[in-house]
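Undergrad: Got a file for you: upload31.txt, compact mmCIF, C-alpha atoms.
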# COMPACT_ATOMS: atom_id res chain seq x y z
CA MET Z 1 -1.63 -17.66 91.47
CA GLU Z 2 -0.14 -16.57 88.18
CA PRO Z 3 0.53 -12.85 87.77
CA LEU Z 4 -2.21 -11.12 85.83
CA ARG Z 5 -2.13 -8.28 83.39
CA PRO Z 6 -4.93 -5.74 83.05
CA SER Z 7 -6.64 -5.59 79.70
CA GLY Z 8 -7.03 -3.25 76.80
CA CYS Z 9 -10.65 -2.84 75.65
CA ASN Z 10 -12.47 -5.99 76.65
CA CYS Z 11 -13.98 -7.01 73.40
CA THR Z 12 -10.88 -6.21 71.47
CA ALA Z 13 -8.39 -7.55 73.96
CA PRO Z 14 -5.35 -8.54 71.98
CA SER Z 15 -5.02 -12.13 71.02
CA ALA Z 16 -2.34 -14.14 72.69
CA ASP Z 17 -2.04 -16.87 70.09
CA GLN Z 18 1.66 -16.34 69.78
CA ALA Z 19 3.16 -18.25 72.61
CA ALA Z 20 6.45 -16.40 72.28
CA THR Z 21 6.37 -13.16 74.25
CA PRO Z 22 8.44 -10.32 72.78
CA GLN Z 23 11.73 -9.89 74.55
CA LYS Z 24 11.73 -7.29 77.30
CA MET Z 25 13.69 -4.21 76.26
CA PRO Z 26 15.67 -2.13 78.75
CA TRP Z 27 14.28 1.24 79.84
CA GLY Z 28 16.66 3.54 77.99
CA ARG Z 29 16.16 1.84 74.67
CA VAL Z 30 12.38 2.10 74.96
CA ALA Z 31 12.62 5.85 75.61
CA MET Z 32 15.10 6.34 72.74
CA LEU Z 33 13.00 4.38 70.29
CA SER Z 34 9.83 6.26 71.27
CA LEU Z 35 11.54 9.60 70.73
CA LEU Z 36 13.01 8.52 67.43
CA GLY Z 37 9.65 7.15 66.30
CA PHE Z 38 7.89 10.39 67.15
CA GLY Z 39 10.49 12.47 65.30
CA LEU Z 40 10.07 10.33 62.21
CA TRP Z 41 6.29 10.57 62.51
CA LEU Z 42 6.48 14.37 62.66
CA ALA Z 43 8.79 14.59 59.66
CA VAL Z 44 6.48 12.50 57.48
CA TYR Z 45 3.35 14.27 58.75
CA ARG Z 46 4.69 17.66 57.67
CA GLN Z 47 5.28 16.49 54.11
CA LEU Z 48 1.72 15.27 53.56
CA ASP Z 49 0.28 18.52 52.23
CA PRO Z 50 2.87 19.23 49.50
CA PHE Z 51 3.04 15.54 48.69
CA SER Z 52 -0.72 15.22 48.07
CA SER Z 53 -0.62 18.30 45.83
CA TYR Z 54 2.26 16.87 43.87
CA LEU Z 55 0.52 13.52 43.56
CA THR Z 56 -2.79 15.01 42.37
CA HIS Z 57 -1.70 17.82 40.10
CA THR Z 58 1.74 16.81 38.85
CA LEU Z 59 1.73 13.05 38.84
CA LEU Z 60 -1.95 12.38 38.05
CA THR Z 61 -2.13 15.62 36.01
CA ILE Z 62 -5.60 16.53 37.30
CA GLU Z 63 -6.26 20.21 36.79
CA GLN Z 64 -5.97 22.45 39.84
CA GLY Z 65 -9.34 23.85 40.98
CA SER Z 66 -11.40 21.30 39.03
CA ARG Z 67 -14.07 19.28 40.85
CA LEU Z 68 -12.25 16.01 40.38
CA GLY Z 69 -9.02 17.65 41.47
CA GLU Z 70 -10.63 18.92 44.68
CA ALA Z 71 -12.07 15.51 45.50
CA VAL Z 72 -8.90 13.57 44.72
CA ARG Z 73 -6.65 15.95 46.63
CA PHE Z 74 -8.98 15.91 49.62
CA PHE Z 75 -8.82 12.13 49.64
CA LEU Z 76 -5.08 11.85 49.10
CA TYR Z 77 -4.33 14.41 51.81
CA ASP Z 78 -6.84 13.40 54.46
CA THR Z 79 -6.42 9.64 54.34
CA PRO Z 80 -2.74 9.45 55.33
CA LYS Z 81 -3.15 12.42 57.69
CA VAL Z 82 -6.02 10.85 59.60
CA MET Z 83 -4.38 7.43 59.66
CA MET Z 84 -1.18 8.91 61.08
CA LEU Z 85 -3.00 10.92 63.74
CA LEU Z 86 -5.07 7.89 64.61
CA THR Z 87 -2.02 5.65 65.01
CA LEU Z 88 -0.27 8.15 67.28
CA ILE Z 89 -3.26 8.81 69.53
CA VAL Z 90 -4.37 5.20 69.78
CA PHE Z 91 -0.84 4.33 70.84
CA VAL Z 92 -0.68 7.07 73.47
CA ILE Z 93 -4.14 6.21 74.82
CA GLY Z 94 -3.24 2.51 74.78
CA VAL Z 95 -0.26 3.21 77.03
CA LEU Z 96 -2.35 5.54 79.20
CA ARG Z 97 -5.04 2.90 79.56
CA SER Z 98 -2.61 0.43 81.04
CA PHE Z 99 -2.91 2.60 84.16
CA PHE Z 100 -6.71 2.48 84.21
CA THR Z 101 -8.38 -0.89 84.33
CA GLN Z 102 -12.11 -1.26 84.87
CA GLU Z 103 -11.39 -2.85 88.24
CA ARG Z 104 -9.33 0.09 89.39
CA THR Z 105 -11.87 2.64 88.17
CA ARG Z 106 -14.60 0.79 90.00
CA ARG Z 107 -12.68 0.74 93.25
CA TYR Z 108 -11.82 4.40 92.87
CA LEU Z 109 -15.43 5.48 92.27
CA ALA Z 110 -16.82 3.28 95.03
CA GLY Z 111 -15.92 5.77 97.74
CA ARG Z 112 -17.24 8.86 95.92
CA ARG Z 113 -20.37 10.80 96.65
CA GLU Z 114 -22.56 12.28 93.90
CA SER Z 115 -21.51 15.55 92.20
CA ALA Z 116 -17.77 14.97 92.66
CA GLY Z 117 -18.45 11.37 91.73
CA ASN Z 118 -20.21 12.43 88.51
CA VAL Z 119 -17.24 14.53 87.46
CA MET Z 120 -14.72 11.78 88.24
CA ALA Z 121 -16.84 9.16 86.50
CA ALA Z 122 -17.10 11.24 83.32
CA LEU Z 123 -13.34 11.85 83.27
CA LEU Z 124 -12.55 8.20 83.95
CA GLY Z 125 -14.99 7.33 81.17
CA ILE Z 126 -12.48 8.75 78.68
CA VAL Z 127 -9.45 6.74 79.79
CA THR Z 128 -10.92 3.49 81.07
CA PRO Z 129 -10.96 0.76 78.44
CA PHE Z 130 -14.57 0.21 77.49
CA CYS Z 131 -16.79 -0.93 74.65
CA SER Z 132 -20.52 -1.37 74.29
CA CYS Z 133 -20.43 -5.17 74.64
CA SER Z 134 -18.75 -4.85 78.03
CA ALA Z 135 -21.34 -2.27 79.17
CA VAL Z 136 -23.47 -4.79 81.05
CA PRO Z 137 -20.76 -6.49 83.13
CA LEU Z 138 -19.36 -3.05 83.86
CA PHE Z 139 -22.74 -1.77 84.98
CA LEU Z 140 -23.16 -4.82 87.22
CA GLY Z 141 -19.72 -4.28 88.69
CA PHE Z 142 -20.58 -0.67 89.52
CA VAL Z 143 -23.80 -1.71 91.22
CA GLN Z 144 -21.98 -4.42 93.13
CA ALA Z 145 -19.43 -1.89 94.35
CA GLY Z 146 -22.23 0.36 95.60
CA ILE Z 147 -21.51 3.22 93.18
CA PRO Z 148 -24.57 5.54 92.95
CA LEU Z 149 -26.73 5.10 89.84
CA GLY Z 150 -26.21 8.67 88.64
CA VAL Z 151 -22.42 8.32 88.87
CA THR Z 152 -22.62 5.05 86.93
CA PHE Z 153 -24.57 6.81 84.18
CA SER Z 154 -22.05 9.62 83.99
CA PHE Z 155 -19.49 6.95 83.17
CA LEU Z 156 -21.73 5.10 80.73
CA ILE Z 157 -22.47 8.32 78.81
CA ALA Z 158 -18.92 9.67 78.70
CA ALA Z 159 -17.23 6.39 77.78
CA PRO Z 160 -18.63 6.06 74.25
CA MET Z 161 -19.24 9.76 73.57
CA VAL Z 162 -15.83 11.19 74.37
CA ASN Z 163 -13.62 8.68 72.63
CA GLU Z 164 -10.11 9.18 71.39
CA ILE Z 165 -10.95 8.41 67.77
CA ALA Z 166 -13.65 11.10 67.64
CA LEU Z 167 -11.32 13.62 69.21
CA VAL Z 168 -8.38 12.90 66.94
CA LEU Z 169 -10.50 13.10 63.82
CA LEU Z 170 -12.15 16.33 64.90
CA TYR Z 171 -8.72 17.76 65.62
CA GLY Z 172 -7.23 16.56 62.36
CA LEU Z 173 -10.09 17.61 60.11
CA LEU Z 174 -11.69 20.58 61.86
CA GLY Z 175 -9.01 21.99 64.14
CA TRP Z 176 -8.40 22.04 67.86
CA LYS Z 177 -11.22 24.45 68.69
CA VAL Z 178 -13.95 22.11 67.51
CA ALA Z 179 -12.20 19.16 69.18
CA ALA Z 180 -11.97 21.03 72.49
CA LEU Z 181 -15.59 22.11 72.19
CA TYR Z 182 -16.62 18.52 71.64
CA LEU Z 183 -14.55 17.28 74.59
CA VAL Z 184 -15.92 19.88 77.00
CA THR Z 185 -19.58 19.62 75.97
CA GLY Z 186 -19.40 15.81 75.89
CA LEU Z 187 -18.09 15.80 79.46
CA LEU Z 188 -20.68 18.34 80.60
CA ILE Z 189 -23.54 16.33 79.14
CA ALA Z 190 -22.25 13.18 80.85
CA ILE Z 191 -21.83 14.96 84.20
CA ILE Z 192 -25.17 16.78 84.14
CA ALA Z 193 -27.25 13.93 82.69
CA GLY Z 194 -25.77 11.53 85.26
CA TRP Z 195 -26.44 13.99 88.05
CA VAL Z 196 -30.07 14.46 86.90
CA ILE Z 197 -30.61 10.70 86.71
CA GLY Z 198 -29.15 10.41 90.22
CA ARG Z 199 -31.54 13.08 91.53
CA LEU Z 200 -34.52 11.23 90.08
CA ARG Z 201 -33.89 8.30 92.45
CA LEU Z 202 -34.62 5.58 89.93
CA GLU Z 203 -32.77 2.74 91.67
CA THR Z 204 -35.98 0.70 91.68
CA TRP Z 205 -35.97 0.72 87.88
CA ILE Z 206 -32.98 -1.59 87.83
CA GLU Z 207 -33.86 -5.27 87.42
CA GLU Z 208 -34.27 -7.01 90.80
CA TRP Z 209 -31.56 -9.63 90.33
CA VAL Z 210 -29.03 -6.85 89.78
CA GLN Z 211 -29.79 -5.35 93.18
CA ALA Z 212 -29.03 -8.69 94.79
CA LEU Z 213 -25.45 -8.55 93.48
CA ARG Z 214 -24.22 -6.31 96.26
CA ALA Z 215 -23.63 -9.43 98.29
CA VAL Z 216 -21.29 -10.93 95.67
CA GLU Z 217 -17.54 -10.61 96.20
CA ALA Z 218 -15.33 -9.53 93.30
CA PRO Z 219 -11.81 -10.95 93.51
CA VAL Z 220 -8.96 -8.48 93.08
CA LEU Z 221 -6.58 -9.51 90.32
CA GLU Z 222 -3.74 -7.19 89.42
CA GLN Z 223 -0.13 -7.11 88.47
CA LYS Z 224 2.53 -4.46 88.43
CA LEU Z 225 3.40 -3.44 84.87
CA THR Z 226 6.76 -2.14 83.73
CA TRP Z 227 7.12 0.62 81.14
CA PRO Z 228 8.06 -1.79 78.36
CA ASP Z 229 4.84 -3.70 79.23
CA ARG Z 230 2.82 -0.53 78.84
CA ILE Z 231 4.51 0.37 75.54
CA ASP Z 232 3.63 -3.13 74.44
CA GLN Z 233 -0.02 -2.52 75.30
CA GLY Z 234 0.06 0.67 73.25
CA ARG Z 235 1.39 -1.30 70.29
CA GLU Z 236 -1.29 -3.93 70.72
CA ALA Z 237 -3.96 -1.19 70.81
CA VAL Z 238 -2.67 0.23 67.53
CA ARG Z 239 -2.62 -3.16 65.84
CA ASP Z 240 -6.09 -3.91 67.04
CA ILE Z 241 -7.97 -0.58 66.78
CA VAL Z 242 -6.32 0.81 63.66
CA GLY Z 243 -6.61 -2.64 62.12
CA ARG Z 244 -10.33 -2.54 62.71
CA VAL Z 245 -11.31 1.06 61.84
CA TRP Z 246 -9.07 1.86 58.86
CA ILE Z 247 -11.74 0.77 56.42
CA TYR Z 248 -14.33 3.10 58.02
CA VAL Z 249 -11.86 5.94 57.82
CA ILE Z 250 -11.23 5.40 54.12
CA VAL Z 251 -14.92 5.01 53.25
CA GLY Z 252 -15.77 8.05 55.38
CA ILE Z 253 -13.09 10.15 53.69
CA ALA Z 254 -14.17 8.95 50.24
CA VAL Z 255 -17.75 10.07 50.95
CA GLY Z 256 -16.38 13.30 52.38
CA ALA Z 257 -14.21 13.81 49.29
CA PHE Z 258 -17.20 13.34 47.01
CA ILE Z 259 -19.28 15.86 48.95
CA HIS Z 260 -16.28 18.18 49.03
CA GLY Z 261 -15.80 18.16 45.26
CA TYR Z 262 -19.29 17.73 43.84
CA VAL Z 263 -21.99 19.00 46.20
CA PRO Z 264 -22.60 22.71 45.54
CA GLU Z 265 -21.65 25.28 48.21
CA ASP Z 266 -24.46 26.11 50.62
CA PHE Z 267 -26.40 23.05 49.53
CA MET Z 268 -26.75 21.97 53.15
CA ALA Z 269 -27.59 25.45 54.43
CA SER Z 270 -31.34 25.08 53.91
CA ILE Z 271 -31.52 21.63 55.54
CA MET Z 272 -28.88 21.78 58.26
CA GLY Z 273 -28.28 25.53 58.51
CA LYS Z 274 -28.93 27.80 61.47
CA GLU Z 275 -32.26 29.02 60.12
CA ALA Z 276 -33.85 25.57 60.14
CA TRP Z 277 -34.79 25.40 63.85
CA TRP Z 278 -36.11 21.86 63.60
CA SER Z 279 -32.87 20.51 62.25
CA VAL Z 280 -31.23 20.03 65.68
CA PRO Z 281 -33.85 17.68 67.19
CA ALA Z 282 -34.20 16.01 63.79
CA ALA Z 283 -30.45 15.38 63.68
CA VAL Z 284 -30.59 13.75 67.12
CA VAL Z 285 -33.54 11.52 66.24
CA VAL Z 286 -31.97 10.45 62.94
CA GLY Z 287 -28.71 9.74 64.76
CA ILE Z 288 -30.11 7.23 67.29
CA PRO Z 289 -30.66 4.22 65.00
CA MET Z 290 -27.51 5.03 63.05
CA TYR Z 291 -24.68 3.01 64.41
CA SER Z 292 -21.38 4.12 63.08
CA ASN Z 293 -18.16 4.62 64.87
CA ALA Z 294 -16.50 7.98 65.06
CA ALA Z 295 -13.98 6.97 62.40
CA GLY Z 296 -16.65 6.87 59.71
CA ILE Z 297 -18.76 9.81 60.77
CA VAL Z 298 -16.24 12.61 61.22
CA PRO Z 299 -15.04 12.93 57.60
CA VAL Z 300 -18.69 13.19 56.54
CA VAL Z 301 -19.30 15.78 59.24
CA GLU Z 302 -16.37 17.81 57.95
CA ALA Z 303 -17.73 17.80 54.43
CA LEU Z 304 -21.24 18.78 55.59
CA LEU Z 305 -19.81 21.72 57.52
CA GLY Z 306 -17.99 22.86 54.40
CA LYS Z 307 -21.28 22.96 52.52
CA GLY Z 308 -23.10 25.29 54.87
CA ALA Z 309 -24.41 23.01 57.61
CA ALA Z 310 -24.39 24.67 61.03
CA LEU Z 311 -21.80 23.51 63.59
CA GLY Z 312 -24.33 22.93 66.39
CA THR Z 313 -26.57 20.80 64.20
CA VAL Z 314 -23.66 18.71 62.96
CA LEU Z 315 -22.19 18.20 66.45
CA ALA Z 316 -25.63 17.18 67.76
CA PHE Z 317 -25.89 14.66 64.95
CA MET Z 318 -22.47 13.23 65.68
CA MET Z 319 -23.06 12.98 69.44
CA SER Z 320 -26.36 11.24 68.86
CA VAL Z 321 -24.82 8.70 66.48
CA ILE Z 322 -22.00 7.87 68.89
CA ALA Z 323 -23.59 8.21 72.34
CA LEU Z 324 -27.16 7.03 71.80
CA SER Z 325 -26.86 3.73 70.03
CA LEU Z 326 -29.70 1.29 69.63
CA PRO Z 327 -27.55 -1.85 70.10
CA GLU Z 328 -26.26 -0.55 73.41
CA MET Z 329 -29.79 0.15 74.61
CA ILE Z 330 -30.88 -3.35 73.68
CA ILE Z 331 -27.98 -4.82 75.62
CA LEU Z 332 -28.66 -2.56 78.63
CA ARG Z 333 -32.28 -3.75 78.64
CA LYS Z 334 -30.97 -6.92 80.34
CA VAL Z 335 -30.22 -4.96 83.50
CA LEU Z 336 -32.45 -1.85 83.26
CA LYS Z 337 -36.20 -1.66 83.08
CA PRO Z 338 -37.51 0.00 79.87
CA LYS Z 339 -38.63 3.07 81.86
CA LEU Z 340 -35.06 3.73 82.95
CA ILE Z 341 -33.74 3.34 79.41
CA ALA Z 342 -36.37 5.83 78.23
CA VAL Z 343 -35.28 8.31 80.90
CA PHE Z 344 -31.64 7.80 79.87
CA VAL Z 345 -32.39 8.52 76.19
CA LEU Z 346 -34.56 11.51 77.08
CA VAL Z 347 -32.05 13.12 79.44
CA VAL Z 348 -29.04 12.58 77.18
CA GLY Z 349 -31.04 13.52 74.06
CA SER Z 350 -32.17 16.79 75.68
CA GLY Z 351 -28.59 17.54 76.62
CA ILE Z 352 -27.46 17.04 73.04
CA VAL Z 353 -30.30 19.14 71.59
CA PHE Z 354 -29.48 21.91 74.04
CA THR Z 355 -25.80 21.78 73.03
CA GLY Z 356 -26.78 21.93 69.36
CA TYR Z 357 -28.89 25.06 69.81
CA LEU Z 358 -26.26 26.66 71.99
CA PHE Z 359 -23.59 26.33 69.31
CA ASN Z 360 -25.91 27.46 66.55
CA ILE Z 361 -26.60 30.63 68.55
CA VAL Z 362 -23.08 31.29 69.82
CA VAL Z 363 -20.87 30.34 66.88
CA MET R 1 -11.83 -30.19 86.47
CA GLU R 2 -14.40 -27.63 85.41
CA ILE R 3 -13.39 -24.55 83.43
CA LYS R 4 -15.86 -21.75 82.79
CA VAL R 5 -15.27 -19.20 80.03
CA CYS R 6 -17.40 -16.13 80.71
CA GLY R 7 -18.46 -13.70 77.98
CA PRO R 8 -21.53 -12.63 76.02
CA GLY R 9 -20.10 -14.03 72.79
CA CYS R 10 -18.03 -11.31 71.18
CA ALA R 11 -14.85 -11.99 69.22
CA SER R 12 -12.46 -12.05 72.16
CA CYS R 13 -14.72 -14.40 74.14
CA GLU R 14 -14.53 -16.84 71.25
CA LYS R 15 -10.76 -16.45 71.17
CA THR R 16 -10.56 -17.18 74.90
CA GLN R 17 -12.70 -20.27 74.44
CA LYS R 18 -10.36 -21.58 71.72
CA ILE R 19 -7.25 -20.88 73.80
CA VAL R 20 -8.69 -22.67 76.82
CA GLU R 21 -9.66 -25.67 74.70
CA ALA R 22 -6.20 -25.75 73.14
CA ALA R 23 -4.60 -25.60 76.58
CA VAL R 24 -6.73 -28.49 77.83
CA ALA R 25 -5.83 -30.53 74.75
CA ALA R 26 -2.12 -29.70 75.10
CA LYS R 27 -2.06 -30.75 78.74
CA GLY R 28 -4.12 -33.85 78.06
CA ILE R 29 -6.29 -33.20 81.10
CA ALA R 30 -9.84 -34.42 81.55
CA ALA R 31 -11.72 -31.15 81.93
CA THR R 32 -15.09 -29.84 80.89
CA VAL R 33 -15.04 -26.40 79.29
CA ILE R 34 -18.32 -24.54 79.77
CA LYS R 35 -19.35 -21.34 78.02
CA VAL R 36 -21.19 -18.96 80.35
CA LYS R 37 -23.11 -16.36 78.35
CA ASP R 38 -25.77 -15.26 80.80
CA PHE R 39 -24.88 -11.94 82.47
CA GLN R 40 -26.55 -12.89 85.72
CA GLU R 41 -24.63 -16.13 85.98
CA ILE R 42 -21.38 -14.36 85.06
CA ALA R 43 -21.91 -11.69 87.73
CA GLN R 44 -22.68 -14.25 90.40
CA LEU R 45 -19.28 -15.82 89.78
CA GLY R 46 -17.81 -12.47 90.83
CA VAL R 47 -16.84 -11.54 87.28
CA PHE R 48 -17.56 -7.95 86.20
CA SER R 49 -15.59 -7.63 83.01
CA THR R 50 -15.35 -10.11 80.19
CA PRO R 51 -13.87 -12.33 78.86
CA ALA R 52 -12.98 -14.17 82.04
CA VAL R 53 -11.76 -17.66 82.94
CA VAL R 54 -12.91 -19.47 86.08
CA VAL R 55 -11.21 -22.75 87.03
CA ASP R 56 -13.03 -24.89 89.60
CA GLY R 57 -14.86 -21.85 90.96
CA GLN R 58 -11.72 -19.72 91.20
CA VAL R 59 -11.55 -16.59 89.00
CA LYS R 60 -8.22 -16.70 87.15
CA CYS R 61 -8.43 -13.72 84.81
CA VAL R 62 -10.92 -10.99 83.92
CA GLY R 63 -11.25 -8.47 81.12
CA ARG R 64 -8.67 -9.86 78.72
CA VAL R 65 -7.76 -12.80 76.53
CA PRO R 66 -5.23 -14.95 78.40
CA LYS R 67 -2.18 -16.54 76.80
CA GLN R 68 -2.28 -20.27 76.26
CA SER R 69 0.80 -20.74 78.44
CA GLU R 70 -0.99 -18.96 81.30
CA VAL R 71 -4.03 -21.18 81.01
CA GLU R 72 -1.81 -24.26 81.00
CA GLY R 73 -0.30 -22.98 84.25
CA TRP R 74 -3.74 -22.65 85.86
CA ILE R 75 -4.88 -26.13 84.95
CA GLY R 76 -1.57 -27.99 85.17
Please render this file's structure as C-alpha cells.
TA:
Amino acid sequence: MEPLRPSGCNCTAPSADQAATPQKMPWGRVAMLSLLGFGLWLAVYRQLDPFSSYLTHTLLTIEQGSRLGEAVRFFLYDTPKVMMLLTLIVFVIGVLRSFFTQERTRRYLAGRRESAGNVMAALLGIVTPFCSCSAVPLFLGFVQAGIPLGVTFSFLIAAPMVNEIALVLLYGLLGWKVAALYLVTGLLIAIIAGWVIGRLRLETWIEEWVQALRAVEAPVLEQKLTWPDRIDQGREAVRDIVGRVWIYVIVGIAVGAFIHGYVPEDFMASIMGKEAWWSVPAAVVVGIPMYSNAAGIVPVVEALLGKGAALGTVLAFMMSVIALSLPEMIILRKVLKPKLIAVFVLVVGSGIVFTGYLFNIVV
Amino acid sequence: MEIKVCGPGCASCEKTQKIVEAAVAAKGIAATVIKVKDFQEIAQLGVFSTPAVVVDGQVKCVGRVPKQSEVEGWIG
C-alpha cells in the first residue's frame, strides 16, 4: 500500500492539484529559515503601531482625536496586526496538528474512562483537526471505538469553541488575560457539560443504526512524517485558513472601527451592561442562529466592550455564536435523536450563561 | 474496478472526486467512480473521517484530499 499522510482539517484539506511536490529541504535549513522568518515577523509587528499613526495622521492628514481619525487608525492598526498574528498561529497550530490526526485521537480516547476521559477529550478538541462538516463521521468513529458518549461530547463542544482563531484574536485585540479566561472557561464548559451528559446515560438517544457500528472495523492508515513534512503542513494550513477567513477579519474590523469611532461611549451599557440581568441569557439565545466564525466576531466584540458592554455578557455571546451553531445541530440530527440535541443545547447553554454571570460578578 | 469517493459534499470532497476522475482518465482504465454521500453507508465502509477513497472495497485514504499521482498508484 502507498504511504499515507494524515490530514489537516478535513473539509479544508489542502488541494493536491500540483503534481510536483516541493523539494524536501534538509533539517538545518528548515530550522534556520523558521528562525529567520520569526525574527522578521517580530520586527515588522513592532512597527505596526507607529506606522498606522503615521499613515493616518501624517500621510492621510486626518486630525488626531477626530471621530474619523479614531476609526481609520483603528482599522489601519488592527487589520495588519490581526492578520500577522493569525498567520503565525495558524502556522504553528498547523504544524502541531500534524501530530494529532482524528484517527490517533480516537485510538487514544478509546481506552479512557469518564472524568479523565472528559478532560483529555476537551484538550484534544483544541489540537485535533476538526470542522463542523466532519462532525458526523467523527462522532460515528468515536461510537465505533467504544468511547463513552459524555467523553465524545466533551470533544464535540471543545473542538469548535476553543479554536485557535478565536484565541489569537482575543489575545491580539483584548490582551492575554481575556484570551486565557476564554481558554479556561471554554475547556471547563466542555469538560463539565460532557461529564453531565455522560451521567445522564442517554446512549439510547443515539440513532439505532449508529449503535450497530461497533462491529465495523476501521483500517489503520498512517505514515511517519519528517519535520519538513510538518512545516509543509503548517504552510498549507496558512494558505488555506488565512486565505478563507481574511475577508471576515477585514469586515469584522471595519464594523469594529465604525463602532469605535462613531458609537457614543457607554451606549452599550444599558443593553449589554452588568445591570441588565437579562442580557446574558438573551445574548446566548441571539447567538445560536448566528453563524459566524471567530474571525468576524471578535473585532465586533472588542468594539462592544469599549462602549460599555460587560465582559461576561460579551463572552457569553461569543461562545454561543461559535459553539452552538444551528448548521451543526442540523447535521448532528442524522445521528442523534432530537431529545439528545435538546439536552446538548440546554447543558452547553446553561454552562455559557453561568460563565457570563460569573464574569459579570467577578470582573 | 469500482472506486468510491466518500464525503458529505463539501469543497474538498468535490476536489477528491475530480482528482479521482482525472486519475482514471489519465490511466485509461475502465472504472466506475461512485460518490457516497450517506453517512451510514460511509461508516459501514470503515471510514470515519472524510473525504476518503475506497478502491474495490479497500480503504486507501481517509481525512484528506489525495494527490493525483497517489490515486494513479492505487488504481494502476
Undergrad: List as a list in words the protein and nucleic acid residues near Z:Leu187, meaning an atom at most 9 Å away when all atoms listed in the file are counted, but skip any in the same chain fewer than 2 places from it.
TA: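 Surrounding residues, per the criterion: Val119, Ala122, Leu123, Ser154, Ile157, Ala158, Met161, Val162, Tyr182, Leu183, Val184, Thr185, Ile189, Ala190, Ile191 and Ile192 of chain Z.
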Undergrad: So the first atom is atom CA of Z:Trp246 and the second is atom CA of Z:Ala282; what is the distance between them in Å, to one decimal place?
TA: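 Result for atom CA of Z:Trp246 versus atom CA of Z:Ala282: 29.3 Å, one decimal.
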Undergrad: Give me the residues of chain R that have any atom at most 10 Å from an atom of chain Z; for each, the nearest atom pair and the distance in Å, rounded to one decimal. Use all atoms listed in the file, sort by chain and number, and format it as a tab-separated table.
TA:
residue	atom	partner	partner_atom	distance
R:Gly7	CA	Z:Ser134	CA	8.9
R:Pro8	CA	Z:Cys133	CA	7.7
R:Gly9	CA	Z:Cys133	CA	9.1
R:Cys10	CA	Z:Cys11	CA	6.3
R:Ala11	CA	Z:Cys11	CA	6.6
R:Ser12	CA	Z:Cys11	CA	5.4
R:Cys13	CA	Z:Cys11	CA	7.5
R:Lys15	CA	Z:Ser15	CA	7.2
R:Thr16	CA	Z:Ser15	CA	8.4
R:Lys18	CA	Z:Asp17	CA	9.7
R:Ile19	CA	Z:Asp17	CA	7.5
R:Asp38	CA	Z:Lys334	CA	9.8
R:Phe39	CA	Z:Pro137	CA	6.9
R:Gln40	CA	Z:Trp209	CA	7.5
R:Ile42	CA	Z:Pro137	CA	8.1
R:Ala43	CA	Z:Leu140	CA	7.0
R:Gln44	CA	Z:Val216	CA	6.4
R:Leu45	CA	Z:Val216	CA	7.9
R:Gly46	CA	Z:Ala218	CA	4.6
R:Val47	CA	Z:Ala218	CA	6.5
R:Phe48	CA	Z:Pro137	CA	4.7
R:Ser49	CA	Z:Pro137	CA	5.3
R:Thr50	CA	Z:Asn10	CA	6.1
R:Pro51	CA	Z:Asn10	CA	6.9
R:Ala52	CA	Z:Asn10	CA	9.8
R:Gln58	CA	Z:Pro219	CA	9.1
R:Val59	CA	Z:Pro219	CA	7.2
R:Lys60	CA	Z:Met1	CA	7.9
R:Cys61	CA	Z:Leu4	CA	6.8
R:Val62	CA	Z:Leu221	CA	7.9
R:Gly63	CA	Z:Asn10	CA	5.3
R:Arg64	CA	Z:Ser7	CA	4.8
R:Val65	CA	Z:Ala13	CA	5.9
R:Pro66	CA	Z:Ala16	CA	6.5
R:Lys67	CA	Z:Ala16	CA	4.8
R:Gln68	CA	Z:Ala19	CA	6.9
R:Ser69	CA	Z:Ala19	CA	6.8
R:Glu70	CA	Z:Glu2	CA	7.3
R:Val71	CA	Z:Glu2	CA	9.4
R:Gly73	CA	Z:Glu2	CA	7.5
R:Trp74	CA	Z:Glu2	CA	7.4
Undergrad: Taking C-alpha atoms for each residue, export the selection above as a compact mmCIF listing (two decimals), keeping the file's coordinate frame.
TA:
# COMPACT_ATOMS: atom_id res chain seq x y z
CA GLY R 7 -18.46 -13.70 77.98
CA PRO R 8 -21.53 -12.63 76.02
CA GLY R 9 -20.10 -14.03 72.79
CA CYS R 10 -18.03 -11.31 71.18
CA ALA R 11 -14.85 -11.99 69.22
CA SER R 12 -12.46 -12.05 72.16
CA CYS R 13 -14.72 -14.40 74.14
CA LYS R 15 -10.76 -16.45 71.17
CA THR R 16 -10.56 -17.18 74.90
CA LYS R 18 -10.36 -21.58 71.72
CA ILE R 19 -7.25 -20.88 73.80
CA ASP R 38 -25.77 -15.26 80.80
CA PHE R 39 -24.88 -11.94 82.47
CA GLN R 40 -26.55 -12.89 85.72
CA ILE R 42 -21.38 -14.36 85.06
CA ALA R 43 -21.91 -11.69 87.73
CA GLN R 44 -22.68 -14.25 90.40
CA LEU R 45 -19.28 -15.82 89.78
CA GLY R 46 -17.81 -12.47 90.83
CA VAL R 47 -16.84 -11.54 87.28
CA PHE R 48 -17.56 -7.95 86.20
CA SER R 49 -15.59 -7.63 83.01
CA THR R 50 -15.35 -10.11 80.19
CA PRO R 51 -13.87 -12.33 78.86
CA ALA R 52 -12.98 -14.17 82.04
CA GLN R 58 -11.72 -19.72 91.20
CA VAL R 59 -11.55 -16.59 89.00
CA LYS R 60 -8.22 -16.70 87.15
CA CYS R 61 -8.43 -13.72 84.81
CA VAL R 62 -10.92 -10.99 83.92
CA GLY R 63 -11.25 -8.47 81.12
CA ARG R 64 -8.67 -9.86 78.72
CA VAL R 65 -7.76 -12.80 76.53
CA PRO R 66 -5.23 -14.95 78.40
CA LYS R 67 -2.18 -16.54 76.80
CA GLN R 68 -2.28 -20.27 76.26
CA SER R 69 0.80 -20.74 78.44
CA GLU R 70 -0.99 -18.96 81.30
CA VAL R 71 -4.03 -21.18 81.01
CA GLY R 73 -0.30 -22.98 84.25
CA TRP R 74 -3.74 -22.65 85.86
Undergrad: Between R:Ala25, R:Val33, R:Val53, R:Val20, which residue has the minimum interatomic distance to R:Cys6, considering only C-alpha atoms?
TA: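 Using only C-alpha atoms, the shortest distance to R:Cys6 belongs to R:Val53.
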Undergrad: Between atom CA of Z:Gly117 and atom CA of Z:Gly186, what is the distance, to one decimal in Å?
TA: 16.5 Å
Undergrad: Calculate how many Å separate atom CA of Z:Ile197 from atom CA of Z:Ala121, rounding to one decimal.
TA: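 Between atom CA of Z:Ile197 and atom CA of Z:Ala121 the gap is 13.9 Å.
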